[in-house]
>>> print(open('final_17.cif').read())   # mmCIF, C-alpha atoms
data_structure
loop_
_atom_site.group_PDB
_atom_site.id
_atom_site.type_symbol
_atom_site.label_atom_id
_atom_site.label_comp_id
_atom_site.auth_asym_id
_atom_site.auth_seq_id
_atom_site.Cartn_x
_atom_site.Cartn_y
_atom_site.Cartn_z
ATOM 1 C CA MET C 1 72.931 75.191 80.292
ATOM 2 C CA PRO C 2 70.325 76.888 78.035
ATOM 3 C CA PRO C 3 71.785 78.623 74.928
ATOM 4 C CA LEU C 4 70.560 82.083 76.021
ATOM 5 C CA LEU C 5 72.108 81.698 79.453
ATOM 6 C CA ARG C 6 75.322 80.361 77.923
ATOM 7 C CA LYS C 7 75.502 83.369 75.607
ATOM 8 C CA ALA C 8 74.908 85.779 78.513
ATOM 9 C CA PHE C 9 77.619 84.032 80.525
ATOM 10 C CA GLY C 10 80.072 84.322 77.627
ATOM 11 C CA VAL C 11 79.328 88.021 77.163
ATOM 12 C CA THR C 12 79.813 88.597 80.899
ATOM 13 C CA LEU C 13 83.193 86.858 80.845
ATOM 14 C CA THR C 14 84.221 88.890 77.796
ATOM 15 C CA ILE C 15 83.244 92.413 78.816
ATOM 16 C CA GLY C 16 82.947 91.945 82.592
ATOM 17 C CA PRO C 17 86.629 92.633 83.467
ATOM 18 C CA GLY C 18 86.640 95.757 81.314
ATOM 19 C CA VAL C 19 83.450 97.067 82.891
ATOM 20 C CA VAL C 20 84.820 96.435 86.398
ATOM 21 C CA TRP C 21 88.090 98.180 85.519
ATOM 22 C CA ILE C 22 86.353 101.231 84.032
ATOM 23 C CA THR C 23 83.963 101.423 86.988
ATOM 24 C CA LEU C 24 86.677 101.215 89.655
ATOM 25 C CA PHE C 25 89.356 103.380 88.057
ATOM 26 C CA LEU C 26 87.413 105.812 85.862
ATOM 27 C CA PHE C 27 83.747 106.168 86.766
ATOM 28 C CA LEU C 28 84.034 106.078 90.581
ATOM 29 C CA PRO C 29 87.016 108.491 90.776
ATOM 30 C CA ALA C 30 85.215 110.899 88.429
ATOM 31 C CA LEU C 31 82.082 110.618 90.577
ATOM 32 C CA LEU C 32 84.153 111.306 93.704
ATOM 33 C CA MET C 33 85.713 114.385 92.066
ATOM 34 C CA GLY C 34 82.218 115.564 91.157
ATOM 35 C CA VAL C 35 81.072 115.312 94.779
ATOM 36 C CA LEU C 36 84.222 116.965 96.175
ATOM 37 C CA ALA C 37 83.934 119.857 93.706
ATOM 38 C CA PHE C 38 80.598 120.923 95.240
ATOM 39 C CA MET C 39 81.764 120.732 98.863
ATOM 40 C CA SER C 40 83.051 123.567 101.005
ATOM 41 C CA ASN C 41 86.698 124.084 101.842
ATOM 42 C CA SER C 42 87.664 123.728 105.509
ATOM 43 C CA PRO C 43 90.375 125.908 107.124
ATOM 44 C CA TYR C 44 92.814 123.011 106.631
ATOM 45 C CA GLY C 45 91.969 122.504 102.952
ATOM 46 C CA GLN C 46 89.822 119.407 103.416
ATOM 47 C CA PRO C 47 86.323 119.098 101.903
ATOM 48 C CA THR C 48 83.438 119.649 104.262
ATOM 49 C CA LEU C 49 79.712 120.360 104.227
ATOM 50 C CA PRO C 50 77.612 122.257 103.205
ATOM 51 C CA PHE C 51 77.536 121.822 99.437
ATOM 52 C CA THR C 52 78.359 124.971 97.498
ATOM 53 C CA THR C 53 79.535 126.238 94.108
ATOM 54 C CA SER C 54 82.354 128.349 95.555
ATOM 55 C CA ALA C 55 85.011 126.085 94.025
ATOM 56 C CA PHE C 56 83.662 126.812 90.542
ATOM 57 C CA ASP C 57 83.590 130.537 91.366
ATOM 58 C CA GLN C 58 87.274 130.175 92.210
ATOM 59 C CA VAL C 59 87.896 128.376 88.912
ATOM 60 C CA ALA C 60 86.269 131.341 87.155
ATOM 61 C CA GLY C 61 88.796 133.599 88.910
ATOM 62 C CA TYR C 62 86.766 135.024 91.798
ATOM 63 C CA ASN C 63 88.342 135.170 95.266
ATOM 64 C CA PHE C 64 88.346 137.411 98.316
ATOM 65 C CA LEU C 65 90.609 139.906 96.478
ATOM 66 C CA GLY C 66 88.260 140.181 93.498
ATOM 67 C CA TRP C 67 88.611 138.691 90.025
ATOM 68 C CA SER C 68 91.869 137.414 88.546
ATOM 69 C CA PRO C 69 92.522 135.935 85.067
ATOM 70 C CA GLY C 70 95.214 133.595 86.424
ATOM 71 C CA ASN C 71 93.217 130.370 86.114
ATOM 72 C CA PHE C 72 92.167 131.165 82.550
ATOM 73 C CA GLU C 73 95.800 131.859 81.679
ATOM 74 C CA VAL C 74 96.790 128.441 83.050
ATOM 75 C CA ILE C 75 94.007 126.683 81.130
ATOM 76 C CA GLY C 76 94.856 128.610 77.955
ATOM 77 C CA ARG C 77 98.573 127.817 78.344
ATOM 78 C CA SER C 78 97.736 124.135 78.787
ATOM 79 C CA LEU C 79 95.537 124.107 75.675
ATOM 80 C CA LEU C 80 98.193 125.893 73.605
ATOM 81 C CA GLN C 81 100.984 123.595 74.786
ATOM 82 C CA ALA C 82 98.856 120.539 74.008
ATOM 83 C CA PHE C 83 97.993 121.976 70.573
ATOM 84 C CA TYR C 84 101.593 122.878 69.684
ATOM 85 C CA THR C 85 102.865 119.541 70.989
ATOM 86 C CA THR C 86 100.305 117.606 68.939
ATOM 87 C CA ILE C 87 101.107 119.537 65.752
ATOM 88 C CA ALA C 88 104.875 119.180 66.244
ATOM 89 C CA THR C 89 104.760 115.472 67.049
ATOM 90 C CA GLY C 90 102.523 114.902 64.032
ATOM 91 C CA LEU C 91 104.931 116.729 61.702
ATOM 92 C CA ILE C 92 107.865 114.716 63.048
ATOM 93 C CA ALA C 93 106.083 111.370 63.338
ATOM 94 C CA TYR C 94 104.478 111.324 59.863
ATOM 95 C CA PRO C 95 107.674 111.137 57.784
ATOM 96 C CA LEU C 96 109.385 109.029 60.439
ATOM 97 C CA ALA C 97 106.573 106.451 60.413
ATOM 98 C CA PHE C 98 106.623 106.265 56.609
ATOM 99 C CA PHE C 99 110.396 105.902 56.616
ATOM 100 C CA ILE C 100 110.180 102.965 59.022
ATOM 101 C CA ALA C 101 107.395 101.397 56.954
ATOM 102 C CA SER C 102 109.495 101.749 53.766
ATOM 103 C CA VAL C 103 112.670 99.977 54.958
ATOM 104 C CA ARG C 104 113.214 96.253 54.739
ATOM 105 C CA GLU C 105 110.976 94.257 57.032
ATOM 106 C CA ARG C 106 113.859 92.863 59.068
ATOM 107 C CA TRP C 107 114.915 96.393 60.095
ATOM 108 C CA ARG C 108 111.460 97.693 61.039
ATOM 109 C CA ALA C 109 111.311 96.064 64.477
ATOM 110 C CA ALA C 110 114.724 97.497 65.372
ATOM 111 C CA LEU C 111 113.750 101.022 64.276
ATOM 112 C CA LEU C 112 110.461 100.860 66.160
ATOM 113 C CA LEU C 113 112.373 99.684 69.216
ATOM 114 C CA LEU C 114 114.634 102.747 68.973
ATOM 115 C CA VAL C 115 111.518 104.944 68.934
ATOM 116 C CA ILE C 116 110.008 103.190 71.959
ATOM 117 C CA ILE C 117 113.117 102.733 74.137
ATOM 118 C CA PRO C 118 113.173 106.313 75.532
ATOM 119 C CA SER C 119 109.660 105.818 76.943
ATOM 120 C CA TRP C 120 110.990 102.934 79.052
ATOM 121 C CA THR C 121 112.912 105.489 81.127
ATOM 122 C CA ASN C 122 111.150 107.278 83.950
ATOM 123 C CA GLN C 123 109.663 110.638 82.971
ATOM 124 C CA VAL C 124 111.542 112.379 85.773
ATOM 125 C CA VAL C 125 114.882 111.086 84.463
ATOM 126 C CA ARG C 126 114.046 112.264 80.941
ATOM 127 C CA ALA C 127 113.039 115.691 82.246
ATOM 128 C CA TYR C 128 116.325 116.010 84.155
ATOM 129 C CA ALA C 129 118.188 115.080 80.963
ATOM 130 C CA TRP C 130 116.494 117.969 79.149
ATOM 131 C CA MET C 131 117.383 120.247 82.062
ATOM 132 C CA GLN C 132 121.047 119.457 81.403
ATOM 133 C CA LEU C 133 120.686 119.950 77.639
ATOM 134 C CA LEU C 134 118.939 123.329 77.935
ATOM 135 C CA ALA C 135 120.828 124.769 80.924
ATOM 136 C CA PRO C 136 123.101 127.850 80.642
ATOM 137 C CA GLY C 137 126.462 127.093 79.025
ATOM 138 C CA THR C 138 125.243 124.228 76.847
ATOM 139 C CA PRO C 139 125.603 124.211 73.024
ATOM 140 C CA LEU C 140 121.864 124.816 72.557
ATOM 141 C CA ALA C 141 121.994 127.809 74.904
ATOM 142 C CA HIS C 142 125.042 129.223 73.072
ATOM 143 C CA LEU C 143 123.214 128.800 69.752
ATOM 144 C CA ALA C 144 120.162 130.669 71.076
ATOM 145 C CA ILE C 145 122.429 133.472 72.354
ATOM 146 C CA ALA C 146 124.218 133.668 68.997
ATOM 147 C CA LEU C 147 120.829 134.017 67.273
ATOM 148 C CA HIS C 148 119.937 136.795 69.763
ATOM 149 C CA LEU C 149 117.075 134.744 71.179
ATOM 150 C CA LEU C 150 118.527 134.835 74.707
ATOM 151 C CA PRO C 151 120.531 137.323 76.772
ATOM 152 C CA GLU C 152 124.117 136.461 77.673
ATOM 153 C CA HIS C 153 124.685 133.779 80.329
ATOM 154 C CA MET C 154 121.061 132.606 80.146
ATOM 155 C CA GLY C 155 119.694 129.134 79.398
ATOM 156 C CA LEU C 156 116.693 127.751 77.585
ATOM 157 C CA TYR C 157 115.475 126.239 80.848
ATOM 158 C CA PRO C 158 113.164 127.004 82.646
ATOM 159 C CA SER C 159 110.798 128.253 79.943
ATOM 160 C CA ASN C 160 107.757 127.403 77.869
ATOM 161 C CA PHE C 161 110.167 126.287 75.150
ATOM 162 C CA ALA C 162 111.731 123.742 77.503
ATOM 163 C CA VAL C 163 108.265 122.411 78.364
ATOM 164 C CA PHE C 164 107.454 122.218 74.655
ATOM 165 C CA MET C 165 110.606 120.203 73.910
ATOM 166 C CA GLY C 166 110.030 117.915 76.869
ATOM 167 C CA LEU C 167 106.441 117.192 75.856
ATOM 168 C CA ILE C 168 107.431 116.411 72.263
ATOM 169 C CA TYR C 169 110.162 114.057 73.450
ATOM 170 C CA ASN C 170 107.822 112.273 75.863
ATOM 171 C CA TYR C 171 104.852 111.791 73.545
ATOM 172 C CA LEU C 172 106.469 111.312 70.122
ATOM 173 C CA PRO C 173 106.291 107.473 70.309
ATOM 174 C CA TYR C 174 102.529 107.682 70.902
ATOM 175 C CA MET C 175 102.190 109.480 67.557
ATOM 176 C CA VAL C 176 104.666 107.370 65.590
ATOM 177 C CA LEU C 177 103.222 103.945 66.410
ATOM 178 C CA PRO C 178 99.582 104.442 65.261
ATOM 179 C CA ILE C 179 100.672 106.295 62.099
ATOM 180 C CA TYR C 180 103.137 103.497 61.358
ATOM 181 C CA ALA C 181 100.346 100.937 61.791
ATOM 182 C CA SER C 182 98.320 102.765 59.125
ATOM 183 C CA ALA C 183 101.303 103.311 56.816
ATOM 184 C CA GLU C 184 102.278 99.644 56.957
ATOM 185 C CA LYS C 185 98.814 98.601 55.715
ATOM 186 C CA LEU C 186 98.612 101.256 53.010
ATOM 187 C CA ASP C 187 96.754 100.123 49.883
ATOM 188 C CA TRP C 188 99.072 101.345 47.122
ATOM 189 C CA ARG C 189 96.491 100.541 44.465
ATOM 190 C CA LEU C 190 94.628 103.698 45.491
ATOM 191 C CA VAL C 191 97.841 105.694 45.134
ATOM 192 C CA ASP C 192 98.400 104.186 41.683
ATOM 193 C CA ALA C 193 94.841 105.174 40.775
ATOM 194 C CA THR C 194 95.590 108.834 41.552
ATOM 195 C CA ARG C 195 98.684 108.598 39.344
ATOM 196 C CA ASP C 196 96.616 107.150 36.520
ATOM 197 C CA LEU C 197 94.390 110.230 36.832
ATOM 198 C CA TYR C 198 97.486 112.462 36.371
ATOM 199 C CA ALA C 199 97.505 113.712 39.958
ATOM 200 C CA ASN C 200 100.513 115.752 41.033
ATOM 201 C CA ARG C 201 102.521 114.848 44.124
ATOM 202 C CA TRP C 202 100.329 116.860 46.468
ATOM 203 C CA ALA C 203 97.058 115.463 45.067
ATOM 204 C CA GLU C 204 98.554 111.975 45.131
ATOM 205 C CA PHE C 205 99.295 112.344 48.836
ATOM 206 C CA TRP C 206 96.065 114.125 49.765
ATOM 207 C CA HIS C 207 93.678 111.764 47.931
ATOM 208 C CA GLY C 208 95.625 108.514 47.906
ATOM 209 C CA VAL C 209 97.763 108.397 51.055
ATOM 210 C CA PHE C 210 96.361 110.737 53.678
ATOM 211 C CA PRO C 211 92.795 109.316 53.861
ATOM 212 C CA GLN C 212 94.220 105.870 54.595
ATOM 213 C CA THR C 213 96.310 107.206 57.473
ATOM 214 C CA VAL C 214 93.531 109.236 59.098
ATOM 215 C CA PRO C 215 92.652 106.495 61.640
ATOM 216 C CA GLY C 216 96.264 106.238 62.800
ATOM 217 C CA LEU C 217 96.711 109.998 62.824
ATOM 218 C CA LEU C 218 93.533 110.481 64.851
ATOM 219 C CA ALA C 219 94.632 107.828 67.346
ATOM 220 C CA GLY C 220 97.989 109.591 67.669
ATOM 221 C CA VAL C 221 96.335 112.977 68.170
ATOM 222 C CA ILE C 222 94.198 111.583 70.982
ATOM 223 C CA LEU C 223 97.132 109.750 72.600
ATOM 224 C CA VAL C 224 99.265 112.915 72.533
ATOM 225 C CA ALA C 225 96.816 115.778 73.084
ATOM 226 C CA ILE C 226 95.045 114.387 76.147
ATOM 227 C CA PRO C 227 98.118 113.584 78.287
ATOM 228 C CA ALA C 228 99.921 116.730 77.075
ATOM 229 C CA PHE C 229 96.971 118.858 78.215
ATOM 230 C CA GLY C 230 97.122 117.409 81.737
ATOM 231 C CA ALA C 231 100.909 116.985 81.940
ATOM 232 C CA TYR C 232 102.497 117.422 85.366
ATOM 233 C CA ILE C 233 106.113 116.188 85.544
ATOM 234 C CA VAL C 234 107.475 117.982 82.468
ATOM 235 C CA PRO C 235 106.099 121.478 83.231
ATOM 236 C CA GLU C 236 106.927 121.055 86.918
ATOM 237 C CA LEU C 237 110.618 120.391 86.234
ATOM 238 C CA LEU C 238 111.205 122.302 82.979
ATOM 239 C CA GLY C 239 108.742 125.159 83.157
ATOM 240 C CA GLY C 240 109.264 127.088 86.354
ATOM 241 C CA ASN C 241 106.649 129.341 87.917
ATOM 242 C CA ARG C 242 105.772 131.087 84.650
ATOM 243 C CA SER C 243 104.961 127.860 82.812
ATOM 244 C CA THR C 244 102.435 126.357 85.225
ATOM 245 C CA MET C 245 99.956 124.110 83.464
ATOM 246 C CA LEU C 246 96.615 122.724 84.558
ATOM 247 C CA GLY C 247 98.087 119.492 85.898
ATOM 248 C CA ASN C 248 100.471 121.425 88.162
ATOM 249 C CA LEU C 249 97.684 123.679 89.424
ATOM 250 C CA ILE C 250 95.538 120.658 90.284
ATOM 251 C CA ALA C 251 98.410 118.904 92.059
ATOM 252 C CA LEU C 252 99.033 121.993 94.208
ATOM 253 C CA GLN C 253 95.477 121.859 95.544
ATOM 254 C CA PHE C 254 96.046 118.365 96.945
ATOM 255 C CA SER C 255 99.573 118.921 98.310
ATOM 256 C CA SER C 256 101.366 122.090 99.399
ATOM 257 C CA MET C 257 98.332 124.427 99.030
ATOM 258 C CA PRO C 258 95.466 122.133 100.080
ATOM 259 C CA ASN C 259 92.093 123.061 98.665
ATOM 260 C CA TRP C 260 90.466 119.805 97.645
ATOM 261 C CA PRO C 261 87.159 121.241 96.317
ATOM 262 C CA PHE C 262 89.047 123.680 94.085
ATOM 263 C CA GLY C 263 91.329 120.892 92.834
ATOM 264 C CA ALA C 264 88.321 118.670 92.139
ATOM 265 C CA ALA C 265 86.587 121.494 90.234
ATOM 266 C CA LEU C 266 89.722 121.996 88.118
ATOM 267 C CA SER C 267 89.796 118.239 87.454
ATOM 268 C CA LEU C 268 86.217 118.401 86.161
ATOM 269 C CA VAL C 269 87.203 121.297 83.896
ATOM 270 C CA MET C 270 90.048 119.190 82.504
ATOM 271 C CA LEU C 271 87.672 116.265 81.931
ATOM 272 C CA ALA C 272 85.202 118.571 80.185
ATOM 273 C CA PHE C 273 87.861 119.874 77.776
ATOM 274 C CA THR C 274 88.988 116.301 77.131
ATOM 275 C CA PHE C 275 85.477 115.129 76.228
ATOM 276 C CA ILE C 276 84.883 118.185 74.042
ATOM 277 C CA GLY C 277 88.131 117.485 72.198
ATOM 278 C CA LEU C 278 87.180 113.850 71.643
ATOM 279 C CA ILE C 279 83.785 114.847 70.236
ATOM 280 C CA ILE C 280 85.377 117.408 67.879
ATOM 281 C CA PHE C 281 87.957 114.918 66.608
ATOM 282 C CA ARG C 282 85.264 112.315 66.077
ATOM 283 C CA ARG C 283 83.093 114.645 64.014
ATOM 284 C CA MET C 284 86.057 115.893 61.974
ATOM 285 C CA THR C 285 87.033 112.316 61.148
ATOM 286 C CA ARG C 286 83.503 111.398 60.059
ATOM 287 C CA ARG C 287 83.261 114.423 57.768
ATOM 288 C CA LEU C 288 86.700 113.781 56.307
ATOM 289 C CA ASN C 289 85.945 110.127 55.642
ATOM 290 C CA ALA C 290 82.579 111.021 54.116
ATOM 291 C CA GLY C 291 84.188 113.617 51.852
ATOM 292 C CA GLU C 292 86.880 111.230 50.677
ATOM 293 C CA ALA C 293 84.291 108.510 50.034
ATOM 294 C CA ASN C 294 82.372 110.893 47.785
ATOM 295 C CA LEU C 295 85.516 111.851 45.912
ATOM 296 C CA LEU C 296 86.500 108.223 45.372
#
>>> encode(input="final_17.cif", output="structure tokens")
Amino acid sequence: MPPLLRKAFGVTLTIGPGVVWITLFLFLPALLMGVLAFMSNSPYGQPTLPFTTSAFDQVAGYNFLGWSPGNFEVIGRSLLQAFYTTIATGLIAYPLAFFIASVRERWRAALLLLVIIPSWTNQVVRAYAWMQLLAPGTPLAHLAIALHLLPEHMGLYPSNFAVFMGLIYNYLPYMVLPIYASAEKLDWRLVDATRDLYANRWAEFWHGVFPQTVPGLLAGVILVAIPAFGAYIVPELLGGNRSTMLGNLIALQFSSMPNWPFGAALSLVMLAFTFIGLIIFRRMTRRLNAGEANLL
């Protein structure tokens, strides 16, 4: 076999399965959603011809009763929940990852296993567990009542707070693991260099530790923010009608309230926000790395 042909064959074997997987389970479904979003809605909720932009008008809030801000409220609530969840998981995961990285090596695998084990349980089971923890009459509910955060005989579920807690619990491992991977490989010589330059604790962390953990932190942000933005199970079980998120609204259009074009248009909106978020994170990381390189 000629060398050029052999090289092409090797490249095909290497990247071919990945390309096939992405094409079948990412590109083609997205293309199908794009086609469905521009189709008309039949009386039974199924897509039909002719092509139209009415689904996007509905996403913008226009319907036969006039304009309503409901869809924007759902999208905004989803963005806020994803933002708060990402910030909270980051604040919890950062010290936890460094604690695991600082213990003796023989204990690290066991501690990481304790972090991962909850994710082995079905999401529905975990959501039901939080329903029991936040229901009326539980210690957490009594504490909230004592702090005058809740009326008497009320529970913390269903609520936006319950959704927030459920999302943190579900996605915390996805933040801990990449930060731990960065913390474990930390080059302490750079930290010692900041100490030699008489840096205080904050400067030591900001210039010696944080830049080295940016790749892990960014990976954790992406792994948490994207699924939290499109979450379905947690807000469905813990949120109630007032905590509907984008994933729940999309699911309704393909189930109990069939309107496939509208659901497809909402899916494209979710994809658009996801891609915008990825681009923003990428640019922020490049600027941060460039700034730290100049400082060092």
>>> closest_residue(input="final_17.cif", among="C:Leu238, C:Leu49, C:Leu177, C:Ala97", to="Phe161 in chain C", atoms="all atoms listed in the file")
C:Leu238
>>> resolve_selection(input="final_17.cif", expression="the PyMOL selection byres ((chain C and resi 53-63) around 8)", output="list in words")
Ala37, Phe38, Met39, Ser40, Phe51, Thr52, Phe64, Leu65, Gly66, Trp67, Ser68, Pro69, Gly70, Asn71, Phe72, Pro261, Phe262, Ala265 and Leu266 of chain C
>>> closest_residue(input="final_17.cif", among="C:Arg77, C:Arg126, C:Arg6, C:Arg201", to="Gly166 in chain C", atoms="all atoms listed in the file")
C:Arg126
>>> resolve_selection(input="final_17.cif", expression="the PyMOL selection byres ((chain C and resi 268) around 10)", output="PyMOL selection string")
chain C and resi 30-31+33-34+37+56+262-267+269-274
>>> residues_around(input="final_17.cif", residues="Leu156 in chain C", least_positions_apart="5", cutoff="8 Å", atoms="all atoms listed in the file", output="list in words")
Leu134, Ala135, Pro136, Leu140, Ala141, Ala144, Leu150, Phe161 and Ala162 of chain C
>>> atom_distance(input="final_17.cif", atom1="CA of Asp187 in chain C", atom2="CA of Ala225 in chain C")
28.0 Å
>>> closest_residue(input="final_17.cif", among="C:Gly239, C:Pro139, C:Gly76, C:Gly90", to="Ile168 in chain C", atoms="all atoms listed in the file")
C:Gly90
>>> resolve_selection(input="final_17.cif", expression="the PyMOL selection byres ((chain C and resi 208) around 12)", output="ChimeraX atom specification")
/C:183,186-197,199-207,209-214,292-293,295-296
>>> write_last_selection(input="final_17.cif", atoms="C-alpha atoms", output="tab-separated table (two decimals), keeping the file's coordinate frame")
chain	number	residue	atom	x	y	z
C	183	ALA	CA	101.30	103.31	56.82
C	186	LEU	CA	98.61	101.26	53.01
C	187	ASP	CA	96.75	100.12	49.88
C	188	TRP	CA	99.07	101.34	47.12
C	189	ARG	CA	96.49	100.54	44.46
C	190	LEU	CA	94.63	103.70	45.49
C	191	VAL	CA	97.84	105.69	45.13
C	192	ASP	CA	98.40	104.19	41.68
C	193	ALA	CA	94.84	105.17	40.78
C	194	THR	CA	95.59	108.83	41.55
C	195	ARG	CA	98.68	108.60	39.34
C	196	ASP	CA	96.62	107.15	36.52
C	197	LEU	CA	94.39	110.23	36.83
C	199	ALA	CA	97.50	113.71	39.96
C	200	ASN	CA	100.51	115.75	41.03
C	201	ARG	CA	102.52	114.85	44.12
C	202	TRP	CA	100.33	116.86	46.47
C	203	ALA	CA	97.06	115.46	45.07
C	204	GLU	CA	98.55	111.98	45.13
C	205	PHE	CA	99.30	112.34	48.84
C	206	TRP	CA	96.06	114.12	49.76
C	207	HIS	CA	93.68	111.76	47.93
C	209	VAL	CA	97.76	108.40	51.06
C	210	PHE	CA	96.36	110.74	53.68
C	211	PRO	CA	92.80	109.32	53.86
C	212	GLN	CA	94.22	105.87	54.60
C	213	THR	CA	96.31	107.21	57.47
C	214	VAL	CA	93.53	109.24	59.10
C	292	GLU	CA	86.88	111.23	50.68
C	293	ALA	CA	84.29	108.51	50.03
C	295	LEU	CA	85.52	111.85	45.91
C	296	LEU	CA	86.50	108.22	45.37
>>> atom_distance(input="final_17.cif", atom1="CA of Ile276 in chain C", atom2="CA of Thr86 in chain C")
16.3 Å
>>> axis_aligned_box(input="final_17.cif", around="range 244-247 of chain C", padding_each_side="5 Å", output="AutoDock Vina command-line options")
--center_x 99.5 --center_y 122.9 --center_z 84.7 --size_x 15.8 --size_y 16.9 --size_z 12.4
>>> closest_residue(input="final_17.cif", among="C:Phe164, C:Trp260, C:Tyr180, C:Trp120", to="Ser243 in chain C", atoms="all atoms listed in the file")
C:Phe164
>>> atom_distance(input="final_17.cif", atom1="CA of Glu73 in chain C", atom2="CA of Asn241 in chain C")
12.8 Å
>>> residues_around(input="final_17.cif", residues="Phe99 in chain C", least_positions_apart="3", cutoff="10 Å", atoms="all atoms listed in the file", output="list in words")
Ala93, Tyr94, Pro95, Leu96, Ser102, Val103, Arg108, Leu111, Tyr180 and Ala183 of chain C
>>> residues_around(input="final_17.cif", residues="Gly137 in chain C", least_positions_apart="5", cutoff="8 Å", atoms="all atoms listed in the file", output="number ranges by chain")
C: 142, 153-155
>>> residues_around(input="final_17.cif", residues="Val163 in chain C", least_positions_apart="4", cutoff="12 Å", atoms="all atoms listed in the file", output="PyMOL selection string")
chain C and resi 77-78+80-82+84-85+126-128+130-131+134+156-159+167-170+228-229+231-245
>>> decode(input="final_17.cif", residues="range 164-169 of chain C", atoms="all heavy atoms", output="mmCIF file, in the first residue's frame")
data_model
loop_
_atom_site.group_PDB
_atom_site.id
_atom_site.type_symbol
_atom_site.label_atom_id
_atom_site.label_comp_id
_atom_site.auth_asym_id
_atom_site.auth_seq_id
_atom_site.Cartn_x
_atom_site.Cartn_y
_atom_site.Cartn_z
ATOM 1 N N PHE C 164 -32.715 24.759 42.499
ATOM 2 C CA PHE C 164 -31.326 25.176 42.662
ATOM 3 C C PHE C 164 -30.526 24.114 43.418
ATOM 4 O O PHE C 164 -29.429 23.719 43.002
ATOM 5 C CB PHE C 164 -31.306 26.513 43.399
ATOM 6 C CG PHE C 164 -29.943 27.056 43.681
ATOM 7 C CD1 PHE C 164 -29.046 27.312 42.658
ATOM 8 C CD2 PHE C 164 -29.555 27.338 44.981
ATOM 9 C CE1 PHE C 164 -27.787 27.820 42.926
ATOM 10 C CE2 PHE C 164 -28.307 27.843 45.248
ATOM 11 C CZ PHE C 164 -27.421 28.094 44.227
ATOM 12 N N MET C 165 -31.068 23.617 44.517
ATOM 13 C CA MET C 165 -30.380 22.596 45.308
ATOM 14 C C MET C 165 -30.236 21.300 44.515
ATOM 15 O O MET C 165 -29.192 20.646 44.549
ATOM 16 C CB MET C 165 -31.147 22.342 46.607
ATOM 17 C CG MET C 165 -31.186 23.528 47.551
ATOM 18 S SD MET C 165 -29.549 24.069 48.089
ATOM 19 C CE MET C 165 -29.008 22.631 49.011
ATOM 20 N N GLY C 166 -31.285 20.927 43.803
ATOM 21 C CA GLY C 166 -31.224 19.706 43.013
ATOM 22 C C GLY C 166 -30.198 19.780 41.899
ATOM 23 O O GLY C 166 -29.484 18.802 41.630
ATOM 24 N N LEU C 167 -30.094 20.937 41.252
ATOM 25 C CA LEU C 167 -29.117 21.094 40.174
ATOM 26 C C LEU C 167 -27.692 21.055 40.714
ATOM 27 O O LEU C 167 -26.801 20.441 40.104
ATOM 28 C CB LEU C 167 -29.366 22.411 39.432
ATOM 29 C CG LEU C 167 -30.644 22.490 38.585
ATOM 30 C CD1 LEU C 167 -30.816 23.893 38.014
ATOM 31 C CD2 LEU C 167 -30.621 21.469 37.460
ATOM 32 N N ILE C 168 -27.451 21.714 41.845
ATOM 33 C CA ILE C 168 -26.119 21.670 42.451
ATOM 34 C C ILE C 168 -25.737 20.236 42.778
ATOM 35 O O ILE C 168 -24.625 19.777 42.478
ATOM 36 C CB ILE C 168 -26.068 22.545 43.716
ATOM 37 C CG1 ILE C 168 -26.217 24.021 43.354
ATOM 38 C CG2 ILE C 168 -24.761 22.326 44.473
ATOM 39 C CD1 ILE C 168 -26.302 24.933 44.564
ATOM 40 N N TYR C 169 -26.654 19.518 43.402
ATOM 41 C CA TYR C 169 -26.377 18.135 43.806
ATOM 42 C C TYR C 169 -26.087 17.253 42.596
ATOM 43 O O TYR C 169 -25.205 16.393 42.639
ATOM 44 C CB TYR C 169 -27.578 17.602 44.586
ATOM 45 C CG TYR C 169 -27.441 16.167 45.033
ATOM 46 C CD1 TYR C 169 -26.527 15.813 46.018
ATOM 47 C CD2 TYR C 169 -28.225 15.174 44.471
ATOM 48 C CE1 TYR C 169 -26.393 14.495 46.426
ATOM 49 C CE2 TYR C 169 -28.100 13.857 44.874
ATOM 50 C CZ TYR C 169 -27.186 13.531 45.859
ATOM 51 O OH TYR C 169 -27.063 12.221 46.244
#
